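What follows is the content of final-v3.cif, which has mmCIF, C-alpha atoms:
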data_run
#
loop_
_atom_site.label_atom_id
_atom_site.label_comp_id
_atom_site.auth_asym_id
_atom_site.auth_seq_id
_atom_site.Cartn_x
_atom_site.Cartn_y
_atom_site.Cartn_z
CA MET A 29 -2.15 -14.38 -16.88
CA LYS A 30 1.42 -13.49 -17.75
CA ALA A 31 2.68 -9.99 -18.47
CA PRO A 32 3.07 -9.03 -22.15
CA ARG A 33 6.52 -8.51 -23.66
CA PHE A 34 8.40 -5.40 -22.66
CA SER A 35 11.98 -4.19 -22.32
CA TYR A 36 13.43 -3.57 -18.91
CA VAL A 37 16.07 -1.22 -17.65
CA ARG A 38 17.37 -0.64 -14.14
CA PRO A 39 19.10 2.76 -14.05
CA GLN A 40 21.54 3.58 -11.26
CA SER A 41 21.00 7.35 -11.27
CA LEU A 42 18.18 9.87 -11.30
CA ASP A 43 19.69 11.54 -14.38
CA HIS A 44 19.45 8.30 -16.30
CA VAL A 45 15.79 7.82 -15.27
CA VAL A 46 14.70 11.27 -16.42
CA ALA A 47 16.71 10.91 -19.65
CA LEU A 48 14.87 7.64 -20.36
CA LEU A 49 11.52 9.28 -19.55
CA ALA A 50 12.36 12.16 -21.88
CA GLU A 51 13.15 9.68 -24.65
CA HIS A 52 10.28 7.22 -24.18
CA GLY A 53 7.51 9.27 -22.48
CA ASP A 54 4.18 7.46 -22.53
CA ASP A 55 5.73 4.26 -23.94
CA ALA A 56 7.56 3.74 -20.64
CA ARG A 57 6.27 2.98 -17.15
CA ILE A 58 8.09 3.57 -13.89
CA LEU A 59 8.39 0.34 -11.86
CA ALA A 60 8.62 1.20 -8.16
CA GLY A 61 6.91 -1.22 -5.74
CA GLY A 62 4.97 -2.76 -8.62
CA GLN A 63 1.99 -3.61 -6.44
CA SER A 64 -0.42 -1.88 -8.84
CA LEU A 65 1.61 -1.93 -12.06
CA MET A 66 2.34 -5.68 -11.98
CA PRO A 67 -1.35 -6.68 -11.67
CA VAL A 68 -2.16 -4.35 -14.58
CA LEU A 69 0.59 -6.00 -16.67
CA ASN A 70 -0.37 -9.55 -15.64
CA MET A 71 -3.98 -8.82 -16.62
CA ARG A 72 -2.72 -7.20 -19.84
CA LEU A 73 -4.60 -3.99 -19.19
CA ALA A 74 -1.47 -2.09 -20.26
CA GLN A 75 1.32 -2.85 -22.73
CA PRO A 76 4.21 -0.46 -22.09
CA ARG A 77 7.26 -0.92 -24.32
CA LEU A 78 9.68 -0.24 -21.49
CA LEU A 79 9.74 -0.66 -17.71
CA ILE A 80 12.13 1.66 -15.88
CA ASP A 81 12.93 0.03 -12.54
CA ILE A 82 13.81 2.76 -10.02
CA ASN A 83 14.28 0.43 -7.03
CA ARG A 84 18.08 0.78 -6.91
CA ILE A 85 18.16 4.60 -6.78
CA ASP A 86 19.15 5.44 -3.22
CA ALA A 87 18.34 9.15 -3.56
CA LEU A 88 14.64 8.22 -3.63
CA ASN A 89 14.72 6.49 -0.22
CA GLY A 90 14.22 7.80 3.27
CA ILE A 91 11.87 9.57 5.64
CA SER A 92 13.14 12.65 7.48
CA LEU A 93 11.95 15.69 9.41
CA THR A 94 13.62 19.03 8.71
CA GLY A 95 12.38 22.48 9.66
CA GLY A 96 8.81 21.40 10.41
CA CYS A 97 8.45 19.46 7.16
CA VAL A 98 8.50 15.69 6.69
CA ARG A 99 10.15 14.50 3.49
CA ILE A 100 9.02 11.07 2.33
CA GLY A 101 11.14 9.72 -0.52
CA ALA A 102 9.24 8.21 -3.44
CA LEU A 103 10.65 4.74 -2.69
CA ALA A 104 9.74 4.65 1.03
CA ARG A 105 7.86 1.35 1.42
CA HIS A 106 4.48 1.36 3.15
CA ALA A 107 5.92 -0.94 5.85
CA GLU A 108 8.69 1.60 6.47
CA VAL A 109 6.20 4.48 6.75
CA MET A 110 4.01 2.37 9.07
CA SER A 111 6.87 1.69 11.50
CA SER A 112 8.55 5.11 11.25
CA PRO A 113 8.86 7.04 14.55
CA VAL A 114 8.98 10.30 12.54
CA ILE A 115 5.60 9.53 10.98
CA ALA A 116 4.11 8.40 14.30
CA GLN A 117 5.17 11.64 16.00
CA SER A 118 4.83 14.24 13.26
CA LEU A 119 2.08 12.86 11.01
CA PRO A 120 -0.41 10.90 13.16
CA LEU A 121 -3.03 11.12 10.37
CA ILE A 122 -0.79 9.05 8.08
CA ALA A 123 0.14 6.69 10.94
CA GLU A 124 -3.58 6.08 11.52
CA ALA A 125 -4.18 5.44 7.81
CA MET A 126 -1.30 2.98 7.25
CA PRO A 127 -2.93 -0.19 8.69
CA HIS A 128 -5.68 0.29 6.07
CA VAL A 129 -3.16 0.34 3.20
CA ALA A 130 -3.39 -3.16 1.68
CA HIS A 131 -1.98 -6.26 3.40
CA VAL A 132 1.42 -7.03 4.91
CA ALA A 133 3.08 -8.55 1.82
CA VAL A 134 1.91 -5.65 -0.36
CA ARG A 135 3.04 -3.09 2.23
CA ASN A 136 6.52 -4.65 2.21
CA ARG A 137 6.96 -3.74 -1.50
CA GLY A 138 4.48 -0.95 -2.25
CA THR A 139 5.82 2.60 -2.11
CA PHE A 140 4.52 5.93 -0.86
CA GLY A 141 5.46 7.69 -4.11
CA GLY A 142 3.82 4.99 -6.19
CA SER A 143 0.53 5.39 -4.37
CA ILE A 144 0.56 9.17 -4.89
CA ALA A 145 1.65 8.96 -8.55
CA LEU A 146 -1.00 6.35 -9.42
CA ALA A 147 -3.82 8.28 -7.66
CA ASP A 148 -6.11 5.27 -7.31
CA PRO A 149 -9.51 6.61 -6.19
CA SER A 150 -9.67 4.14 -3.28
CA ALA A 151 -6.14 4.91 -2.03
CA GLU A 152 -5.69 6.31 1.48
CA LEU A 153 -2.48 8.30 1.02
CA PRO A 154 -3.61 10.81 -1.64
CA ALA A 155 -6.49 11.81 0.66
CA CYS A 156 -4.15 12.17 3.65
CA ILE A 157 -1.64 14.39 1.85
CA LEU A 158 -4.43 16.58 0.48
CA ALA A 159 -5.83 17.00 4.01
CA LEU A 160 -2.35 17.93 5.26
CA GLU A 161 -1.66 20.36 2.38
CA ALA A 162 1.47 18.53 1.23
CA SER A 163 3.54 19.22 -1.88
CA ILE A 164 4.70 16.75 -4.50
CA VAL A 165 8.15 17.15 -6.06
CA VAL A 166 8.67 15.91 -9.61
CA GLU A 167 11.75 15.97 -11.82
CA SER A 168 12.43 15.80 -15.54
CA VAL A 169 15.24 16.83 -17.89
CA ARG A 170 13.46 20.20 -17.92
CA GLY A 171 14.12 20.58 -14.19
CA ARG A 172 12.42 20.11 -10.88
CA ARG A 173 9.05 21.52 -9.80
CA THR A 174 6.89 21.38 -6.70
CA ILE A 175 3.14 20.87 -7.05
CA PRO A 176 0.67 21.50 -4.18
CA ALA A 177 -1.49 18.44 -3.48
CA ALA A 178 -4.57 20.59 -4.20
CA ASP A 179 -3.41 20.92 -7.84
CA PHE A 180 -1.93 17.43 -8.22
CA PHE A 181 -5.00 15.16 -8.22
CA ARG A 182 -7.03 16.00 -11.31
CA GLY A 183 -9.32 13.06 -11.99
CA LEU A 184 -9.55 9.29 -12.18
CA TYR A 185 -5.87 8.13 -12.15
CA GLU A 186 -5.09 11.58 -13.53
CA THR A 187 -2.47 13.84 -11.97
CA ALA A 188 -0.50 16.98 -12.78
CA ARG A 189 2.64 14.88 -13.40
CA SER A 190 3.69 14.87 -17.07
CA ALA A 191 4.75 11.66 -18.83
CA ASP A 192 8.42 12.73 -18.74
CA GLU A 193 8.41 13.54 -15.02
CA LEU A 194 9.41 11.29 -12.11
CA LEU A 195 7.85 11.75 -8.67
CA ILE A 196 10.88 12.31 -6.39
CA GLU A 197 9.41 12.94 -2.96
CA VAL A 198 6.44 14.24 -1.01
CA ARG A 199 6.85 17.07 1.50
CA ILE A 200 4.30 17.20 4.28
CA PRO A 201 4.12 19.94 6.92
CA GLU A 202 4.36 18.47 10.41
CA GLN A 203 0.93 18.31 12.07
CA ARG A 204 0.44 21.24 14.41
CA ARG A 205 -0.06 20.69 18.12
CA ASP A 206 -3.28 22.71 18.16
CA ARG A 207 -4.84 20.36 15.54
CA VAL A 208 -6.33 16.93 15.70
CA SER A 209 -6.59 14.38 12.94
CA VAL A 210 -8.88 11.44 12.34
CA PHE A 211 -8.69 8.79 9.63
CA MET A 212 -11.54 6.37 8.96
CA GLU A 213 -12.51 4.05 6.15
CA LEU A 214 -15.00 1.34 5.31
CA SER A 215 -14.03 -1.73 3.30
CA ARG A 216 -15.23 -5.33 3.16
CA ARG A 217 -12.11 -6.51 5.02
CA GLN A 218 -9.32 -4.43 6.50
CA GLY A 219 -6.74 -3.88 3.76
CA ASP A 220 -9.19 -4.24 0.88
CA PHE A 221 -10.10 -1.36 -1.42
CA ALA A 222 -11.96 1.40 0.41
CA ILE A 223 -15.65 1.83 -0.39
CA ALA A 224 -15.81 5.08 1.58
CA GLY A 225 -13.18 6.95 3.56
CA LEU A 226 -12.38 10.24 5.23
CA ALA A 227 -9.24 12.08 6.30
CA CYS A 228 -9.96 14.91 8.76
CA TYR A 229 -7.49 17.54 10.01
CA ALA A 230 -8.92 20.29 12.19
CA ARG A 231 -8.26 22.90 14.79
CA CYS A 232 -10.53 22.34 17.80
CA GLU A 233 -10.98 25.20 20.26
CA ARG A 234 -13.59 26.82 22.47
CA GLY A 235 -16.02 23.98 21.98
CA GLY A 236 -15.96 23.95 18.20
CA MET A 237 -13.82 23.44 15.11
CA SER A 238 -12.07 25.88 12.83
CA GLU A 239 -9.93 25.39 9.76
CA ALA A 240 -11.16 21.80 9.50
CA ARG A 241 -10.18 20.05 6.30
CA LEU A 242 -12.37 17.09 5.32
CA VAL A 243 -11.09 14.96 2.43
CA TYR A 244 -13.23 12.10 1.12
CA PHE A 245 -11.99 9.16 -0.95
CA GLY A 246 -13.11 5.72 -2.06
CA SER A 247 -16.47 6.95 -3.26
CA GLU A 248 -15.08 9.66 -5.56
CA VAL A 249 -12.96 9.65 -8.73
CA LYS A 250 -10.27 11.57 -6.83
CA PRO A 251 -9.61 12.69 -3.24
CA THR A 252 -12.19 15.41 -2.70
CA LEU A 253 -12.07 18.38 -0.34
CA ALA A 254 -15.65 18.84 0.95
CA ARG A 255 -15.84 22.63 1.03
CA ARG A 256 -19.54 22.94 1.86
CA ALA A 257 -19.34 20.39 4.69
CA MET A 258 -16.25 22.22 6.00
CA ALA A 259 -18.15 25.53 5.94
CA ALA A 260 -20.94 23.91 7.96
CA VAL A 261 -18.44 22.87 10.63
CA ASN A 262 -15.88 25.67 10.78
CA GLY A 263 -16.45 28.43 13.32
CA ASN A 264 -19.58 26.88 14.82
CA ALA A 265 -19.98 25.72 18.42
CA TRP A 266 -19.97 21.92 18.35
CA SER A 267 -23.33 20.17 18.55
CA PRO A 268 -24.93 17.17 16.84
CA ALA A 269 -26.76 19.70 14.65
CA VAL A 270 -23.39 20.87 13.24
CA SER A 271 -22.54 17.28 12.34
CA GLU A 272 -25.93 16.86 10.63
CA ALA A 273 -25.45 20.12 8.71
CA ALA A 274 -22.10 18.83 7.44
CA CYS A 275 -23.76 15.55 6.42
CA SER A 276 -26.47 17.40 4.50
CA ALA A 277 -23.90 19.57 2.74
CA LEU A 278 -22.04 16.46 1.55
CA ALA A 279 -24.73 15.89 -1.07
CA ASP A 280 -23.34 18.92 -2.93
CA ASP A 281 -19.65 18.17 -2.25
CA LEU A 282 -19.59 14.55 -3.37
CA ASP A 283 -20.43 12.81 -6.62
CA PRO A 284 -20.00 9.10 -5.79
CA ILE A 285 -18.98 6.57 -8.47
CA ASP A 286 -21.50 3.89 -9.44
CA ASN A 287 -19.68 0.53 -9.43
CA THR A 288 -19.70 -3.01 -8.00
CA PHE A 289 -18.90 -1.68 -4.52
CA GLY A 290 -22.23 0.12 -4.37
CA ARG A 291 -24.55 2.71 -5.83
CA PRO A 292 -23.98 6.45 -5.36
CA ALA A 293 -26.76 6.76 -2.75
CA THR A 294 -25.23 3.95 -0.69
CA LYS A 295 -21.80 5.54 -0.79
CA LEU A 296 -23.16 8.97 0.16
CA HIS A 297 -24.88 7.32 3.12
CA LEU A 298 -21.64 5.58 4.16
CA GLN A 299 -19.66 8.83 3.90
CA ARG A 300 -22.24 10.48 6.15
CA VAL A 301 -21.88 7.66 8.68
CA LEU A 302 -18.10 8.19 8.66
CA THR A 303 -18.53 11.97 8.94
CA ARG A 304 -20.60 11.66 12.15
CA ARG A 305 -18.08 9.24 13.63
CA ALA A 306 -15.01 11.24 12.57
CA LEU A 307 -16.27 14.63 13.78
CA ALA A 308 -17.26 13.16 17.14
CA ALA A 309 -13.86 11.44 17.37
CA ALA A 310 -12.07 14.71 16.53
CA MET A 311 -13.88 16.57 19.32
CA GLU A 312 -13.16 13.76 21.75
CA ARG A 313 -9.46 13.68 20.81
CA ALA A 314 -9.27 17.47 21.25
CA ARG A 315 -10.83 17.11 24.71
CA VAL A 316 -8.26 14.62 25.95
CA GLN A 317 -5.28 16.10 24.07
CA MET B 24 22.67 -0.09 -19.96
CA SER B 25 20.80 -1.30 -23.02
CA LEU B 26 17.12 -2.17 -23.13
CA GLU B 27 16.76 -5.89 -22.55
CA GLU B 28 14.14 -8.60 -22.85
CA GLU B 29 16.38 -11.20 -21.23
CA LEU B 30 18.93 -10.66 -18.46
CA THR B 31 21.36 -12.70 -16.39
CA VAL B 32 20.65 -12.52 -12.67
CA SER B 33 22.28 -13.89 -9.53
CA MET B 34 20.47 -14.48 -6.28
CA THR B 35 20.46 -16.72 -3.25
CA VAL B 36 17.52 -19.12 -3.13
CA ASN B 37 17.09 -21.10 0.08
CA GLY B 38 20.75 -20.53 0.88
CA GLU B 39 22.05 -21.63 -2.51
CA SER B 40 23.66 -19.24 -5.01
CA ILE B 41 21.88 -19.24 -8.37
CA THR B 42 22.87 -17.57 -11.64
CA ALA B 43 20.40 -17.76 -14.50
CA SER B 44 19.27 -15.99 -17.63
CA VAL B 45 15.64 -14.92 -17.27
CA PRO B 46 13.12 -13.26 -19.57
CA VAL B 47 12.47 -9.83 -18.02
CA ARG B 48 8.70 -10.36 -18.17
CA GLN B 49 8.85 -13.50 -16.00
CA HIS B 50 7.65 -12.98 -12.45
CA LEU B 51 9.56 -14.38 -9.51
CA VAL B 52 7.26 -17.26 -8.65
CA ASP B 53 7.22 -18.55 -12.25
CA PHE B 54 11.03 -18.50 -12.18
CA LEU B 55 11.12 -20.38 -8.87
CA ARG B 56 8.62 -22.98 -10.03
CA THR B 57 9.59 -23.56 -13.67
CA GLU B 58 13.33 -22.88 -13.67
CA LEU B 59 14.27 -24.10 -10.19
CA GLY B 60 11.52 -26.68 -9.67
CA LEU B 61 10.49 -25.13 -6.35
CA THR B 62 6.77 -25.82 -6.73
CA GLY B 63 5.88 -25.20 -3.09
CA SER B 64 5.00 -21.58 -3.93
CA HIS B 65 1.65 -21.72 -5.68
CA ILE B 66 0.13 -19.50 -8.35
CA GLY B 67 -3.44 -18.52 -7.64
CA CYS B 68 -4.73 -15.24 -9.03
CA GLU B 69 -1.53 -13.77 -10.47
CA HIS B 70 -2.59 -10.27 -9.60
CA GLY B 71 -1.70 -9.93 -5.95
CA ILE B 72 -5.02 -10.72 -4.33
CA CYS B 73 -4.82 -14.33 -3.10
CA GLY B 74 -1.41 -14.65 -1.43
CA ALA B 75 -0.75 -18.25 -2.57
CA CYS B 76 2.57 -17.17 -4.15
CA SER B 77 3.98 -15.52 -0.99
CA VAL B 78 7.77 -15.82 -0.67
CA ARG B 79 10.37 -14.13 1.50
CA VAL B 80 12.71 -11.66 -0.20
CA ASP B 81 15.48 -9.99 1.82
CA GLY B 82 13.78 -11.00 5.05
CA VAL B 83 10.20 -9.90 4.36
CA VAL B 84 7.18 -11.62 2.84
CA VAL B 85 6.17 -10.42 -0.64
CA ARG B 86 3.81 -11.42 -3.44
CA GLY B 87 5.85 -13.64 -5.77
CA CYS B 88 3.59 -12.75 -8.71
CA LEU B 89 4.05 -8.97 -8.25
CA MET B 90 7.83 -8.98 -8.44
CA LEU B 91 9.82 -9.73 -11.57
CA ALA B 92 12.53 -12.38 -11.33
CA VAL B 93 15.05 -9.79 -12.61
CA GLN B 94 14.18 -7.60 -9.63
CA ALA B 95 15.41 -10.33 -7.29
CA ASP B 96 18.92 -9.89 -8.73
CA GLY B 97 21.27 -9.79 -5.73
CA CYS B 98 18.48 -10.68 -3.30
CA ASP B 99 18.09 -13.41 -0.69
CA VAL B 100 14.98 -15.44 -1.55
CA VAL B 101 13.41 -18.01 0.77
CA THR B 102 10.51 -20.23 -0.30
CA ILE B 103 8.38 -22.60 1.75
CA GLU B 104 10.90 -25.36 0.95
CA GLY B 105 13.75 -23.36 2.51
CA LEU B 106 11.67 -22.31 5.48
CA THR B 107 10.67 -25.93 6.11
CA ASP B 108 14.24 -27.24 5.81
CA ALA B 109 15.48 -24.58 8.23
CA GLY B 110 12.95 -25.77 10.81
CA GLU B 111 11.93 -22.18 11.50
CA ILE B 112 8.21 -22.96 11.52
CA ALA B 113 8.19 -26.66 12.43
CA ASP B 114 5.92 -25.92 15.43
CA LEU B 115 3.52 -23.89 13.26
CA GLN B 116 3.37 -26.67 10.67
CA ALA B 117 2.71 -29.26 13.40
CA ASN B 118 -0.13 -27.07 14.68
CA PHE B 119 -1.59 -26.80 11.16
CA VAL B 120 -1.71 -30.61 11.04
CA GLU B 121 -2.99 -30.90 14.62
CA ARG B 122 -5.85 -28.40 14.03
CA ASN B 123 -6.61 -29.54 10.49
CA ALA B 124 -5.92 -25.99 9.31
CA LEU B 125 -6.06 -26.96 5.65
CA GLN B 126 -8.28 -28.91 3.33
CA CYS B 127 -7.13 -28.72 -0.30
CA GLY B 128 -3.81 -27.17 0.79
CA TYR B 129 -3.48 -24.77 -2.11
CA CYS B 130 -3.24 -21.68 0.12
CA THR B 131 -1.15 -23.36 2.81
CA PRO B 132 2.42 -22.45 1.67
CA GLY B 133 1.45 -18.79 1.34
CA MET B 134 -0.47 -18.86 4.60
CA LEU B 135 2.61 -20.30 6.34
CA MET B 136 4.92 -17.68 4.79
CA THR B 137 2.69 -14.86 6.08
CA ALA B 138 2.25 -16.54 9.48
CA ALA B 139 6.06 -16.89 9.66
CA GLU B 140 6.32 -13.10 9.33
CA LEU B 141 3.72 -12.73 12.09
CA LEU B 142 5.76 -15.05 14.35
CA LYS B 143 8.90 -13.02 13.64
CA GLN B 144 7.29 -10.07 15.41
CA GLY B 145 7.94 -12.05 18.58
CA LYS B 146 4.85 -11.19 20.60
CA ALA B 147 1.42 -12.55 21.51
CA MET B 148 -1.55 -11.32 19.45
CA SER B 149 -5.33 -11.35 19.74
CA ARG B 150 -7.37 -13.51 17.37
CA ASP B 151 -8.62 -10.32 15.69
CA ASP B 152 -5.04 -9.16 15.09
CA ILE B 153 -4.10 -12.59 13.71
CA ARG B 154 -7.05 -12.42 11.28
CA THR B 155 -6.04 -8.90 10.19
CA PHE B 156 -2.42 -9.96 9.67
CA LEU B 157 -3.49 -12.95 7.54
CA SER B 158 -6.20 -11.00 5.70
CA GLY B 159 -4.13 -10.83 2.51
CA ASN B 160 -4.14 -14.63 2.13
CA TYR B 161 -7.24 -16.32 0.78
CA CYS B 162 -8.40 -19.77 1.87
CA ARG B 163 -11.51 -21.01 0.09
CA CYS B 164 -11.91 -24.23 2.17
CA THR B 165 -11.47 -23.82 5.89
CA GLY B 166 -13.33 -20.64 6.80
CA TYR B 167 -10.06 -19.57 8.47
CA HIS B 168 -11.10 -20.65 11.98
CA ALA B 169 -8.69 -23.59 12.21
CA ILE B 170 -5.89 -21.52 10.65
CA VAL B 171 -6.31 -18.84 13.32
CA ASP B 172 -6.39 -21.64 15.93
CA ALA B 173 -3.07 -23.02 14.68
CA VAL B 174 -1.36 -19.63 14.58
CA GLU B 175 -2.74 -18.70 18.00
CA ALA B 176 -1.56 -22.00 19.51
CA THR B 177 1.94 -21.43 18.08
CA LEU B 178 2.07 -17.86 19.40
CA GLN B 179 0.95 -19.02 22.84
CA ALA B 180 3.52 -21.80 22.98
CA ARG B 181 6.31 -19.46 21.89
CA PHE B 182 5.53 -16.22 23.68
CA ALA B 183 2.98 -16.77 26.46
#
Target format structure tokens, applied to this file:
Amino acid sequence: MKAPRFSYVRPQSLDHVVALLAEHGDDARILAGGQSLMPVLNMRLAQPRLLIDINRIDALNGISLTGGCVRIGALARHAEVMSSPVIAQSLPLIAEAMPHVAHVAVRNRGTFGGSIALADPSAELPACILALEASIVVESVRGRRTIPAADFFRGLYETARSADELLIEVRIPEQRRDRVSVFMELSRRQGDFAIAGLACYARCERGGMSEARLVYFGSEVKPTLARRAMAAVNGNAWSPAVSEAACSALADDLDPIDNTFGRPATKLHLQRVLTRRALAAAMERARVQ
Amino acid sequence: MSLEEELTVSMTVNGESITASVPVRQHLVDFLRTELGLTGSHIGCEHGICGACSVRVDGVVVRGCLMLAVQADGCDVVTIEGLTDAGEIADLQANFVERNALQCGYCTPGMLMTAAELLKQGKAMSRDDIRTFLSGNYCRCTGYHAIVDAVEATLQARFA
């Protein structure tokens, strides 16, 4: 179908964007890459009065590493993140996730900030930044604030960003050399929506893991830190029994969505399959690192 | 800047400068097809799944249905017509014919636009990698095998 009627504005400055958001709030939508917003408009699932196109605001571009922290501007395209040497070197978890993010034509337009702000339950990047304990920077006429990823994702497409706030950038601590990361997902074809997925970031030492962070997505309404599975893994000497204990604990950590991609029991099973693979891969990577 | 429902835009389409007034809600591929008569880009699903509307904007392939025409203001747009006239993928097109890599042909322009981006990478690729690269373009006729054949043959001839 065709998009409904709306007004369109293409501001040249951040100040103008936040002023428009302050004025229009929920009646406006930010148009960044448009790879999720445009389908929603074409299917007439939303009827915003105003689209605020932020694509010409240079301050929102760029990927840089400063003082052990990677700054990814809201407008960084997925293709740019995928080919970035900074990401490859400092954030291998995100580098490993990128080939799973949609298909080439979508990656050429879709933005990092858009993916985080939308918080689609099957999206890879929210899970990655939660595993890496990133922060999200938002701005409004009221000022700028920084929100830890742990507080940002609140529910299905629900985040801590207010209607008058613009996501400016994401700040991600550089992955530490004593950690390993593993990203895995299951979908019908590579690039399609994830049915189950896992972002793992862990310290591996003396034959076991500590401080492992396991974030599950695809099956859940939001990226979910599996605290009980993490407790089963952390501080224990590695063995297949540890992996099985983590898999058992997942029943209490996860609450899979029932939809056309599968029933909750199926998704829990798939997340357990990924858990066994990812934990074994993490130990193997630590061995050769 | 006022809030608009119609705007004047300028862009280059297949090397030609265009200035036109467009409704802001019109997506790029509708503009190309209905205003400029460039009907080589097809409209399939109109929500970014099928890839039939793929066009090149500022050097990279994008979904023509997921970009507004007003967003192409100041951009360099290339459609399958422009790509064909430039001869950039003449060998790929010949291989599509040779291998019978199409049946109804509806997906073919989009498939060629994505394959053109693959060829631009300038290196050989495995069949699995070719399939992954083309995975955002649907073909409901061929089962993809002949399409992968045609792309693989072109890659081999160019880069082996």
At a cut-off of 7 Å, which residues of chain B touch chain A? Count all atoms listed in the file and give the answer as a PyMOL selection string.
chain B and resi 26-28+47-48+69-71+83-86+89-90+155-156+158-159
I need the output of the PyMOL selection byres ((chain A and resi 85-97) around 7) for this file as a ChimeraX atom specification; which residues are they?
/A:40-42,82-84,98-104,114,196,199-202
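Taken over the whole file, the PyMOL selection byres ((chain B and resi 74) around 9) covers exactly Ala133 of chain A; His65, Ile66, Gly67, Cys68, Gly71, Ile72, Cys73, Ala75, Cys76, Ser77, Val85, Arg86, Gly87, Cys130, Gly133, Met134, Thr137, Gly159, Asn160 and Tyr161 of chain B.
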Which polymer residues have any atom within 12 Å of an atom of region 260-269 of chain A, counting all atoms listed in the file, with same-chain residues fewer than 4 positions away left out, as a VMD selection string?
chain A and resid 228 to 242 254 to 256 273 to 278 281 303 to 305 307 to 308 310 to 312 314
For the residues in that selection, give me C-alpha atoms as a PDB file, keeping the file's coordinate frame.
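Saved as part-v6.pdb:
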ATOM      1  CA  CYS A 228      -9.960  14.910   8.760  1.00  0.00           C
ATOM      2  CA  TYR A 229      -7.490  17.540  10.010  1.00  0.00           C
ATOM      3  CA  ALA A 230      -8.920  20.290  12.190  1.00  0.00           C
ATOM      4  CA  ARG A 231      -8.260  22.900  14.790  1.00  0.00           C
ATOM      5  CA  CYS A 232     -10.530  22.340  17.800  1.00  0.00           C
ATOM      6  CA  GLU A 233     -10.980  25.200  20.260  1.00  0.00           C
ATOM      7  CA  ARG A 234     -13.590  26.820  22.470  1.00  0.00           C
ATOM      8  CA  GLY A 235     -16.020  23.980  21.980  1.00  0.00           C
ATOM      9  CA  GLY A 236     -15.960  23.950  18.200  1.00  0.00           C
ATOM     10  CA  MET A 237     -13.820  23.440  15.110  1.00  0.00           C
ATOM     11  CA  SER A 238     -12.070  25.880  12.830  1.00  0.00           C
ATOM     12  CA  GLU A 239      -9.930  25.390   9.760  1.00  0.00           C
ATOM     13  CA  ALA A 240     -11.160  21.800   9.500  1.00  0.00           C
ATOM     14  CA  ARG A 241     -10.180  20.050   6.300  1.00  0.00           C
ATOM     15  CA  LEU A 242     -12.370  17.090   5.320  1.00  0.00           C
ATOM     16  CA  ALA A 254     -15.650  18.840   0.950  1.00  0.00           C
ATOM     17  CA  ARG A 255     -15.840  22.630   1.030  1.00  0.00           C
ATOM     18  CA  ARG A 256     -19.540  22.940   1.860  1.00  0.00           C
ATOM     19  CA  ALA A 273     -25.450  20.120   8.710  1.00  0.00           C
ATOM     20  CA  ALA A 274     -22.100  18.830   7.440  1.00  0.00           C
ATOM     21  CA  CYS A 275     -23.760  15.550   6.420  1.00  0.00           C
ATOM     22  CA  SER A 276     -26.470  17.400   4.500  1.00  0.00           C
ATOM     23  CA  ALA A 277     -23.900  19.570   2.740  1.00  0.00           C
ATOM     24  CA  LEU A 278     -22.040  16.460   1.550  1.00  0.00           C
ATOM     25  CA  ASP A 281     -19.650  18.170  -2.250  1.00  0.00           C
ATOM     26  CA  THR A 303     -18.530  11.970   8.940  1.00  0.00           C
ATOM     27  CA  ARG A 304     -20.600  11.660  12.150  1.00  0.00           C
ATOM     28  CA  ARG A 305     -18.080   9.240  13.630  1.00  0.00           C
ATOM     29  CA  LEU A 307     -16.270  14.630  13.780  1.00  0.00           C
ATOM     30  CA  ALA A 308     -17.260  13.160  17.140  1.00  0.00           C
ATOM     31  CA  ALA A 310     -12.070  14.710  16.530  1.00  0.00           C
ATOM     32  CA  MET A 311     -13.880  16.570  19.320  1.00  0.00           C
ATOM     33  CA  GLU A 312     -13.160  13.760  21.750  1.00  0.00           C
ATOM     34  CA  ALA A 314      -9.270  17.470  21.250  1.00  0.00           C
TER      35      ALA A 314
END
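You will find CA of Leu141 (chain B) at 17.1 Å from CA of Ala109 (chain B).
Here the question is which of A:Ile157, A:Met258, A:Val249, A:Ala191 gets nearest to Ala227 (chain A) using only C-alpha atoms, and that residue is A:Ile157.
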Env of Thr31 (chain B): 9 Å cut, atoms = all atoms listed in the file, seq-sep filter 5 positions within chain, self excluded. Answer as a ChimeraX atom specification.
/B:42-46,93,96
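Atom pair CA of Asp179 (chain A) / CA of Val45 (chain A) has a distance of 24.4 Å (rounded to one decimal).
Going from CA of Ala124 (chain B) over to CA of Glu175 (chain B), you cover 11.8 Å.
Of the listed residues A:Leu153, A:Leu146, A:Leu296, A:Val210, the one whose atoms come nearest to Ala188 (chain A) is A:Leu146, with distances taken using all atoms listed in the file.
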At most 10 Å from (-4.2, -22.8, 7.1), file frame, only C-alpha atoms: which residues, as a count of residues only?
35
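Picked out by the PyMOL selection byres ((chain B and resi 61) around 10) when it runs on this file: Val36, Val52, Asp53, Phe54, Leu55, Arg56, Thr57, Glu58, Leu59, Gly60, Thr62, Gly63, Ser64, His65, Thr102, Ile103, Glu104 and Gly105 of chain B.
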Hey, what's within 7 Å of Ala95 (chain B) if we count all atoms listed in the file and toss same-chain stuff fewer than 3 positions away? As a PyMOL selection string, please?
chain B and resi 34+92+98
Write the residues of the preceding selection, restricted to C-alpha atoms, as a PDB file, in the coordinates of the input.
ATOM      1  CA  MET B  34      20.470 -14.480  -6.280  1.00  0.00           C
ATOM      2  CA  ALA B  92      12.530 -12.380 -11.330  1.00  0.00           C
ATOM      3  CA  CYS B  98      18.480 -10.680  -3.300  1.00  0.00           C
TER       4      CYS B  98
END
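Of the listed residues A:Arg77, A:Lys250, A:Cys156, A:Pro149, the one whose atoms come nearest to His52 (chain A) is A:Arg77, with distances taken using all atoms listed in the file.
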